[in-house]
file target_8.cif (mmCIF, C-alpha atoms and all ligand atoms)
data_query
loop_
_atom_site.label_atom_id
_atom_site.label_comp_id
_atom_site.auth_asym_id
_atom_site.auth_seq_id
_atom_site.Cartn_x
_atom_site.Cartn_y
_atom_site.Cartn_z
CA MET I 370 138.79 15.12 81.56
CA LYS I 371 136.76 17.55 79.50
CA ILE I 372 138.32 19.11 76.39
CA PHE I 373 137.46 22.65 75.36
CA LEU I 374 138.68 24.36 72.19
CA ASP I 375 140.54 27.61 72.73
CA THR I 376 139.59 29.44 69.56
CA ALA I 377 137.06 31.71 67.88
CA ASN I 378 137.51 29.94 64.54
CA ILE I 379 134.13 28.60 63.47
CA GLU I 380 135.57 26.15 60.93
CA SER I 381 137.83 24.47 63.51
CA ILE I 382 135.04 24.35 66.07
CA ARG I 383 132.75 22.65 63.53
CA ARG I 384 135.45 20.21 62.44
CA TYR I 385 136.37 18.95 65.89
CA ASN I 386 132.81 19.12 67.20
CA ASP I 387 131.80 16.69 64.44
CA MET I 388 134.37 14.24 65.86
CA GLY I 389 132.75 14.45 69.29
CA ALA I 390 135.92 15.92 70.76
CA VAL I 391 134.62 19.28 71.98
CA ASP I 392 132.98 19.69 75.39
CA GLY I 393 133.11 23.49 75.34
CA VAL I 394 134.89 26.54 73.90
CA THR I 395 136.93 29.38 75.37
CA THR I 396 137.50 32.65 73.55
CA ASN I 397 139.27 35.89 74.37
CA PRO I 398 139.67 39.27 72.62
CA THR I 399 142.97 38.18 71.00
CA LEU I 400 141.41 35.03 69.54
CA LEU I 401 138.45 37.05 68.22
CA SER I 402 140.82 39.60 66.66
CA LYS I 403 142.32 36.80 64.50
CA GLU I 404 138.98 36.04 62.81
CA LYS I 405 137.12 37.88 60.07
CA GLY I 406 133.68 39.19 60.98
CA HIS I 407 131.90 41.08 63.72
CA PRO I 408 132.97 39.66 67.12
CA ALA I 409 129.36 39.68 68.41
CA GLU I 410 128.24 37.56 65.44
CA ILE I 411 131.12 35.14 65.93
CA MET I 412 130.35 34.78 69.64
CA ARG I 413 126.66 34.22 68.90
CA GLU I 414 127.47 31.56 66.31
CA ILE I 415 129.80 29.67 68.66
CA THR I 416 127.17 29.55 71.39
CA LYS I 417 124.73 28.06 68.85
CA LEU I 418 127.20 25.49 67.47
CA ILE I 419 128.32 24.13 70.84
CA LYS I 420 126.01 22.67 73.45
CA GLY I 421 128.58 22.87 76.26
CA PRO I 422 129.92 25.96 78.04
CA VAL I 423 131.26 28.81 75.89
CA SER I 424 133.45 31.37 77.68
CA LEU I 425 133.08 34.93 76.40
CA GLU I 426 135.32 37.58 77.93
CA VAL I 427 134.42 41.01 79.28
CA VAL I 428 136.70 43.91 78.42
CA GLY I 429 135.71 46.31 81.20
CA ILE I 430 137.90 46.61 84.27
CA GLU I 431 135.37 48.16 86.68
CA THR I 432 132.93 45.93 88.58
CA ASP I 433 129.72 47.60 87.35
CA GLY I 434 130.91 47.64 83.73
CA MET I 435 131.84 43.95 83.89
CA ILE I 436 128.43 43.09 85.30
CA GLU I 437 126.66 45.04 82.55
CA GLU I 438 128.77 43.28 79.91
CA ALA I 439 128.01 39.94 81.53
CA HIS I 440 124.29 40.64 81.21
CA ARG I 441 124.74 41.44 77.51
CA LEU I 442 126.96 38.39 76.83
CA THR I 443 124.59 35.95 78.51
CA LYS I 444 121.91 36.99 76.00
CA PHE I 445 123.91 35.13 73.30
CA GLY I 446 122.82 31.78 74.73
CA PRO I 447 122.09 29.73 77.85
CA ASN I 448 125.55 28.10 77.69
CA VAL I 449 127.51 31.36 78.04
CA VAL I 450 130.13 31.52 80.79
CA VAL I 451 131.40 35.03 81.45
CA LYS I 452 135.17 35.32 81.50
CA ILE I 453 136.37 37.81 84.09
CA PRO I 454 139.98 38.93 84.65
CA MET I 455 141.65 38.06 87.95
CA ILE I 456 141.64 41.55 89.46
CA PRO I 457 139.96 42.76 92.69
CA GLU I 458 137.10 44.45 90.74
CA GLY I 459 136.69 41.18 88.85
CA LEU I 460 136.26 39.17 92.05
CA LYS I 461 133.49 41.55 93.14
CA ALA I 462 131.77 41.00 89.80
CA VAL I 463 132.16 37.21 90.15
CA ARG I 464 130.53 37.30 93.55
CA GLN I 465 127.56 39.29 92.34
CA LEU I 466 127.14 37.23 89.16
CA ARG I 467 127.19 34.04 91.24
CA GLU I 468 124.28 35.41 93.26
CA GLU I 469 122.43 36.05 90.00
CA GLY I 470 123.11 32.48 88.86
CA ILE I 471 125.52 33.54 86.07
CA LYS I 472 128.53 31.26 85.56
CA THR I 473 132.00 32.79 85.46
CA ASN I 474 135.48 31.75 84.38
CA VAL I 475 138.23 33.72 86.13
CA THR I 476 141.03 34.19 83.63
CA LEU I 477 144.70 35.24 83.75
CA ILE I 478 145.42 33.14 86.84
CA PHE I 479 149.12 32.71 87.57
CA SER I 480 149.16 31.55 91.21
CA SER I 481 147.37 29.11 93.49
CA ASN I 482 146.37 31.97 95.79
CA GLN I 483 144.61 33.74 92.92
CA ALA I 484 142.75 30.52 92.15
CA LEU I 485 141.76 30.12 95.82
CA LEU I 486 140.35 33.66 95.93
CA ALA I 487 138.45 33.19 92.68
CA ALA I 488 136.91 29.97 94.01
CA LYS I 489 135.93 31.70 97.26
CA ALA I 490 134.27 34.49 95.25
CA GLY I 491 132.16 31.81 93.53
CA ALA I 492 133.81 31.27 90.14
CA SER I 493 132.54 28.27 88.18
CA TYR I 494 135.96 27.87 86.53
CA VAL I 495 139.49 29.15 87.07
CA SER I 496 141.90 29.40 84.13
CA PRO I 497 145.58 29.10 85.09
CA PHE I 498 147.75 29.98 82.06
CA ILE I 499 150.46 27.33 82.15
CA GLY I 500 152.19 28.04 78.82
CA ARG I 501 152.77 31.71 79.64
CA PHE I 502 154.20 30.59 82.99
CA ASP I 503 156.54 28.11 81.28
CA ASP I 504 157.58 30.92 78.90
CA ILE I 505 159.12 32.87 81.77
CA GLY I 506 161.07 29.90 83.09
CA HIS I 507 158.62 28.44 85.65
CA ASP I 508 156.87 25.08 85.62
CA GLY I 509 153.20 25.88 84.97
CA MET I 510 152.12 22.37 85.94
CA VAL I 511 153.21 22.98 89.55
CA ILE I 512 150.34 25.42 90.08
CA ILE I 513 147.88 23.03 88.44
CA LYS I 514 148.87 20.39 91.01
CA GLU I 515 148.47 22.86 93.85
CA ILE I 516 145.10 24.19 92.70
CA VAL I 517 143.64 20.71 92.11
CA GLN I 518 144.74 19.69 95.62
CA ILE I 519 143.46 22.88 97.29
CA PHE I 520 140.04 22.62 95.61
CA ALA I 521 139.78 18.94 96.63
CA ASN I 522 140.85 19.69 100.23
CA TYR I 523 138.06 22.22 100.68
CA LYS I 524 135.49 20.67 98.32
CA PHE I 525 135.16 23.74 96.10
CA ASP I 526 132.83 23.13 93.17
CA THR I 527 135.01 25.42 90.99
CA GLU I 528 136.58 23.51 88.08
CA VAL I 529 140.24 23.83 87.09
CA LEU I 530 140.41 24.80 83.41
CA VAL I 531 144.01 24.42 82.26
CA ALA I 532 144.69 27.22 79.75
CA SER I 533 147.55 28.46 77.59
CA VAL I 534 148.34 24.89 76.59
CA ARG I 535 151.29 24.66 74.20
CA HIS I 536 151.70 20.94 73.35
CA PRO I 537 150.14 17.48 73.82
CA VAL I 538 152.41 16.63 76.79
CA HIS I 539 150.70 19.43 78.75
CA VAL I 540 147.41 17.59 78.18
CA VAL I 541 148.71 14.26 79.51
CA GLU I 542 150.26 15.96 82.53
CA ALA I 543 147.05 17.86 83.33
CA ALA I 544 145.02 14.64 83.01
CA LYS I 545 147.41 12.72 85.33
CA ILE I 546 147.04 15.45 87.93
CA GLY I 547 143.24 15.26 87.63
CA ALA I 548 142.51 18.76 86.30
CA HIS I 549 138.85 18.94 85.26
CA ILE I 550 139.34 20.55 81.83
CA VAL I 551 142.00 21.53 79.31
CA THR I 552 141.34 24.19 76.70
CA LEU I 553 143.33 23.62 73.53
CA PRO I 554 144.21 25.50 70.37
CA PRO I 555 142.79 23.38 67.48
CA GLU I 556 146.27 22.46 66.21
CA ILE I 557 147.10 20.77 69.53
CA LEU I 558 143.89 18.73 69.43
CA GLY I 559 144.88 17.75 65.87
CA LYS I 560 148.34 16.64 67.05
CA MET I 561 146.78 14.53 69.83
CA MET I 562 145.02 12.38 67.23
CA LEU I 563 148.10 11.56 65.19
CA HIS I 564 150.82 8.94 65.64
CA PRO I 565 153.34 7.90 62.96
CA LEU I 566 152.89 4.22 63.90
CA THR I 567 149.12 4.49 63.31
CA GLU I 568 149.76 5.86 59.82
CA LYS I 569 152.47 3.26 59.12
CA GLY I 570 150.28 0.42 60.40
CA LEU I 571 147.29 1.52 58.34
CA ASN I 572 149.38 1.79 55.17
CA SER I 573 150.72 -1.75 55.57
CA PHE I 574 147.23 -3.17 56.31
CA LEU I 575 145.90 -1.51 53.17
CA SER I 576 148.75 -2.68 50.93
CA ASP I 577 148.57 -6.27 52.29
CA TRP I 578 144.84 -6.29 51.66
CA GLU I 579 145.44 -5.14 48.10
CA LYS I 580 147.82 -8.08 47.57
CA ILE I 581 145.18 -10.58 48.77
CA THR I 582 142.42 -9.09 46.65
CA LYS I 583 144.67 -9.32 43.57
CA GLN I 584 145.53 -12.97 44.32
CA TYR I 585 141.99 -14.19 45.14
CA GLN I 586 139.85 -11.52 43.54
CA VAL I 587 138.09 -10.92 46.87
CA THR I 588 135.04 -8.69 46.76
CA PHE I 589 132.53 -7.80 49.47
C1 LIG I 601 142.37 30.85 77.99
O1 LIG I 601 141.19 30.86 78.17
C2 LIG I 601 143.09 31.68 77.03
O2 LIG I 601 142.20 31.96 75.98
C3 LIG I 601 144.28 31.01 76.42
O3 LIG I 601 144.44 29.68 76.83
C4 LIG I 601 145.54 31.84 76.41
O4 LIG I 601 146.54 31.12 75.78
P1 LIG I 601 147.86 31.81 75.17
O5 LIG I 601 148.83 31.98 76.28
O6 LIG I 601 148.34 30.81 74.16
O7 LIG I 601 147.43 33.11 74.56
#

call {"tool": "encode", "arguments": {"input": "target_8.cif", "output": "structure tokens", "more": "lines below"}}
Ligand code: E4P
result
Amino acid sequence: MKIFLDTANIESIRRYNDMGAVDGVTTNPTLLSKEKGHPAEIMREITKLIKGPVSLEVVGIETDGMIEEAHRLTKFGPNVVVKIPMIPEGLKAVRQLREEGIKTNVTLIFSSNQALLAAKAGASYVSPFIGRFDDIGHDGMVIIKEIVQIFANYKFDTEVLVASVRHPVHVVEAAKIGAHIVTLPPEILGKMMLHPLTEKGLNSFLSDWEKITKQYQVTF
């Protein structure tokens, strides 16, 4: 399963990219609003830092406006994926951008039918927001299961990008279902690396080694 970072924070992207953990990045206007600096400069920098796909979101809600924005956003780099909201005008834009060879990520997906329509329009990725679904008392993972099955049944090449991830268990569940990608806030990727038994084990190895070196004056 591919792991994307869901952030516009350059420092976090650098940090986790250096660990080989980042296959791509997703951003949105809210994430950009949390960072200091001109959003265009931040978007440009992310597309340079990361080799994989970088989703940059349009803010227009009319088809022609979204297409114009897509043309501007794709100038930031060859790895840009244009994020389009799941609205009827958005699907029209997705269809046209597909014909132009521009990749799209249809965002704000909350049902399997929305994902099916986005795939039919030619989206490269669909982003179901599972955490926001959980927040209103539903099980977000249910729609991930459905979408993965529907895309497999009909051999869509659209990838399922699990978004709005709130904790590491979401990641394991998405991977068991066979979702193609999860996009994670940096703190969740950080939590995935840690385990108290790893820390405990390392501490005891180090202190036992210190005892031996004192006893035998071992040096390498
Ligand atoms: C996806 O691409 C979105 O940027 C993101 O996952 C939304 O997550 P949130 O519900 O935590 O805002």

call {"tool": "residues_around", "arguments": {"input": "target_8.cif", "residues": "region 556-565 of chain I", "least_positions_apart": "6", "cutoff": "9 Å", "atoms": "only C-alpha atoms", "output": "tab-separated table (two decimals) with C-alpha atoms, keeping the file's coordinate frame"}}
result
chain	number	residue	atom	x	y	z
I	372	ILE	CA	138.32	19.11	76.39
I	374	LEU	CA	138.68	24.36	72.19
I	385	TYR	CA	136.37	18.95	65.89
I	390	ALA	CA	135.92	15.92	70.76
I	534	VAL	CA	148.34	24.89	76.59
I	535	ARG	CA	151.29	24.66	74.20
I	536	HIS	CA	151.70	20.94	73.35
I	537	PRO	CA	150.14	17.48	73.82
I	540	VAL	CA	147.41	17.59	78.18

call {"tool": "closest_residue", "arguments": {"input": "target_8.cif", "among": "I:Ala409, I:Leu566, I:Leu466, I:Val475", "to": "ligand LIG 601 (chain I)", "atoms": "only C-alpha atoms and all ligand atoms"}}
result
I:Val475

call {"tool": "residues_near_ligand", "arguments": {"input": "target_8.cif", "ligand": "ligand LIG 601 (chain I)", "cutoff": "6 Å", "atoms": "all atoms listed in the file", "output": "NGL selection string"}}
result
:I and (375 or 395-397 or 500-501 or 532-533)

call {"tool": "closest_residue", "arguments": {"input": "target_8.cif", "among": "I:Pro555, I:Gly446, I:Phe525, I:Phe502", "to": "Ile379 (chain I)", "atoms": "all atoms listed in the file"}}
result
I:Pro555

call {"tool": "closest_residue", "arguments": {"input": "target_8.cif", "among": "I:Met388, I:Leu486, I:Leu400, I:Val449", "to": "Gly421 (chain I)", "atoms": "only C-alpha atoms"}}
result
I:Val449

call {"tool": "atom_distance", "arguments": {"input": "target_8.cif", "atom1": "CA of Val394 (chain I)", "atom2": "CA of Phe373 (chain I)"}}
result
4.9 Å

call {"tool": "closest_residue", "arguments": {"input": "target_8.cif", "among": "I:Ala462, I:Met370, I:Ile471, I:Met435", "to": "Val450 (chain I)", "atoms": "all atoms listed in the file"}}
result
I:Ile471

call {"tool": "residues_near_point", "arguments": {"input": "target_8.cif", "point": "(133.1, 33.3, 93.8)", "cutoff": "12 Å", "atoms": "only C-alpha atoms", "output": "number ranges by chain"}}
result
I: 453, 455, 457, 459-475, 483-495, 525-528

call {"tool": "atom_distance", "arguments": {"input": "target_8.cif", "atom1": "CA of His549 (chain I)", "atom2": "CA of Met510 (chain I)"}}
result
13.7 Å

call {"tool": "atom_distance", "arguments": {"input": "target_8.cif", "atom1": "CA of Ile419 (chain I)", "atom2": "CA of Ala521 (chain I)"}}
result
28.7 Å

call {"tool": "closest_residue", "arguments": {"input": "target_8.cif", "among": "I:Asp503, I:Asp392, I:Glu458, I:Glu579", "to": "Thr552 (chain I)", "atoms": "all atoms listed in the file"}}
result
I:Asp392
